[in-house]
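Peer 1: I have a structure here, written as structure tokens, and I will follow up with some questions on it.
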Amino acid sequence: MKKQLYLLLLLLSTAVFAQQKQVVTSIDTTKNKIGAEFKLSIKTTVDTSSKVIFPKLKNFGALEVIQSYPIDTVKMDGRYELIKKYGLTQFDSGRYVVPSIRIFINSKPFLTDSLLVEVANVQVDTLKQKMFDIKDIAPADNPIGDWWKYLLIIALIVGIGAFIYWFIKKRQEKKLQEEIYKTPIEKATTLLDTLEKKELWQKGEVKAYYSELTDIARNYIEEAIEIPAMESTTSELIQGLRAASVKKKMTLSQEIIENLERVLKQADLVKFAKSKPLDFEITEDRNKIQKAILTLDNSIPVEIPVEEDMLLNEAQRQKQIQIQLRKQRNKRIVTAVASVVFLLAATTTFFIVTKGFDYVKDNIIGHPTKELLEGEWVKSEYGNPGIIIETPKVLKRVDLTKTLPKNGMALIKEMQSFAYGSVLDRFYVMVSTLKFKAETQIDLAKSMDGALQSLEAQGAQNMIVKQEDFETNEGVKGLKAYGTFSQIDSDNKTTAKMYYEAILFTQEGGLQQILIFHEEGDKYGNEISERVLNAVELKQASK
């Protein structure tokens, strides 16, 4: 009956399928010291015409292959018995699983049995070893003391972003104003009014005032009379204006041209010779420019277009204005979005510099196990014999009875299993309880071996096993196994290193099991496991 019970415990979490006995696996010892050799033997008996391929591996799970021995061949009654041996070792103490490997016989794969071995520490005589004094505590760097540097960096980044946004916005507004003027004279008169509202010369900015004043006049002459006024000197501009007035048959008086020339020369003196005109002279110069522009506009011969052309031009102008307005609106939207993205990036950079990337990843991007840890936990009782446990989420019932053999089910009175997630998730909690029909003495160590081999059968590879006694807050004792394994998701083709903790308790007529695993190095997963296991309460099996 004990043999059937151990088989049942081996298949507690999932079914372990029987394998063909054409390949026999054995090992010279299951316990050894660190660095010592485990000699693994794989034996098969085949026909003389069969082709057998043994794998060439550097590692068997967490065990390193230090020697691959030649194949021993023994002829027996017209058949060959082939024996392949591997020398394995490990330089860290603990319990390890030698995983199943594939042997090909006539291109057909056969799996070897997995084995559990233990590597023990080597006793060290510390009395004969040279001792050294304990070093003083080294002061840790304090990044908080340099907080003003990080504040200065973030302020500089935000300032640059704000300046870029302001500059782009101003340019867009200026360009939009220029594009929606109907005529050059409307643009010139509007800009003159805007210049007066700025009150530049009243504030002492005479040079800036004269620069804008003459630019308005030059822009008008270039757009309306079509001569290169912006690139010309004052003399070249006046000479070109006289020639254009003759060519275009403009009725310009000598006084208007001379007044314009005086203002332009006055502006040259202000800009290049630092001349300072009196207030009334500045006002007169502004009036002369305005009068010159209005006179020039009135003197330009105007061709009266036919009514249809006028309507067409107006429609095209309105359409062009709408297109430009739409473009400007889109640019504003892009600028606003870019500014928001820039500020977010700057803020993220600041926190990365001051708090570290893990802080940003966990608190801004999000971390699944952190959300579980900080969520609302649920305390409930599962199974019979009951396990009272507190978990981040409610465990859902799962059916494992279908995976057990029929002869094993005959020994079971009741079996209940509950889990959160699956064995392919990065976080998994499972609680399972088992009650037998007859009272049976249960060996927890062998039961744990069966549970771990069952986990390996579900895809765990390179498993490292360490064991210790476990005791609940109420003083109930059990057995704890912990370590790491490689989790392989064949569908997504991903591999992760997981840390697991498995605990078994036995009662009269009952067995209770808790399994938790999460990604190695996940500090939130560690906190969840510690909180779950510290609050475990057990109940006696009901009859």
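We name chains A, B, ... following the order of the structure tokens; residues begin at 1 in each chain, and ligands are numbered from 1 as shown.
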For range 79-87 of chain A, please output as a ChimeraX atom specification all residues within 6 Å (counting only C-alpha atoms; exclusion window: fewer than 3 positions along the same chain).

Peer 2: /A:37-48,65-69,71-76

Peer 1: Write out as a ChimeraX atom specification the residues lying within 8 Å of Leu192 in chain A, counting only C-alpha atoms and excluding same-chain residues fewer than 5 positions away.

Peer 2: /A:213,216,290

Peer 1: Need the shell around range 517-533 of chain A: protein/DNA/RNA residues with any atom at most 6 Å away, counting only C-alpha atoms. Skip same-chain ones fewer than 3 positions apart. Format as a list in words?

Peer 2: Thr369, Lys370, Glu390, Arg426, Phe427, Tyr428, Lys497, Met498, Tyr499, Tyr500 and Val536 of chain A

Peer 1: Looking at only C-alpha atoms, which of A:Lys169, A:Lys393, A:Asp113, A:Lys247 is the one that sits closest to Ile27 in chain A?

Peer 2: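 Between A:Lys169, A:Lys393, A:Asp113, A:Lys247, the residue approaching Ile27 in chain A most closely is A:Asp113.
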
Peer 1: I'd like to know which of A:Arg397, A:Lys203, A:Arg262, A:Lys31 is closest to Val119 in chain A, using only C-alpha atoms.

Peer 2: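 Using only C-alpha atoms, Val119 in chain A sits closest to A:Lys31.
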
Peer 1: I'd like the interatomic distance between CA of Gln461 in chain A and CA of Thr25 in chain A, to a tenth of an Å.

Peer 2: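 Value for the CA of Gln461 in chain A-CA of Thr25 in chain A distance: 18.1 Å.
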
Peer 1: Would you give me, as an NGL selection string, the residues in range 386-494 of chain A that DSSP reads as helix (DSSP H, G or I)?

Peer 2: :A and (401-403 or 406-409 or 444-457)

Peer 1: Using only C-alpha atoms, find the one residue out of A:Ile323, A:Ile105, A:Glu501, A:Tyr165 that sits nearest to Gln467 in chain A.

Peer 2: A:Glu501

Peer 1: Give me, please, the distance in Å between CA of Gly161 in chain A and CA of Thr335 in chain A, quoted to one decimal.

Peer 2: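 Spanning CA of Gly161 in chain A to CA of Thr335 in chain A is a straight-line distance of 10.6 Å.
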
Peer 1: Work out how far CA of Ser299 in chain A is from CA of Ile221 in chain A, in Å to one decimal.

Peer 2: 12.4 Å

Peer 1: Find the residues around Asn106 in chain A up to 8 Å (only C-alpha atoms counted), leave out those fewer than 6 positions away in its own chain, and share them as a ChimeraX atom specification.

Peer 2: /A:50-52

Peer 1: Could you take the residues named above and write them with all heavy atoms, as a compact mmCIF listing (two decimals), in the first residue's frame?

Peer 2:
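This is the output file again-v6.txt:
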# COMPACT_ATOMS: atom_id res chain seq x y z
N SER A 50 20.65 -1.74 -35.44
CA SER A 50 20.07 -0.49 -34.98
C SER A 50 21.12 0.61 -34.86
O SER A 50 22.30 0.33 -34.59
CB SER A 50 19.39 -0.69 -33.62
OG SER A 50 18.32 -1.61 -33.72
N LYS A 51 20.67 1.82 -35.05
CA LYS A 51 21.54 3.00 -34.92
C LYS A 51 21.10 3.79 -33.70
O LYS A 51 19.97 4.23 -33.60
CB LYS A 51 21.46 3.88 -36.17
CG LYS A 51 22.38 5.08 -36.12
CD LYS A 51 22.29 5.90 -37.39
CE LYS A 51 23.22 7.12 -37.33
NZ LYS A 51 23.12 7.94 -38.56
N VAL A 52 22.03 3.97 -32.73
CA VAL A 52 21.72 4.65 -31.47
C VAL A 52 22.56 5.93 -31.39
O VAL A 52 23.77 5.90 -31.64
CB VAL A 52 22.00 3.75 -30.26
CG1 VAL A 52 21.65 4.48 -28.97
CG2 VAL A 52 21.22 2.44 -30.37

Peer 1: Once DSSP has gone over the backbone, tell me which residues of range 208-457 of chain A are in strand (DSSP E or B), as a VMD selection string.

Peer 2: chain A and resid 378 to 382 387 to 391 396 to 398 412 to 420 427 to 436
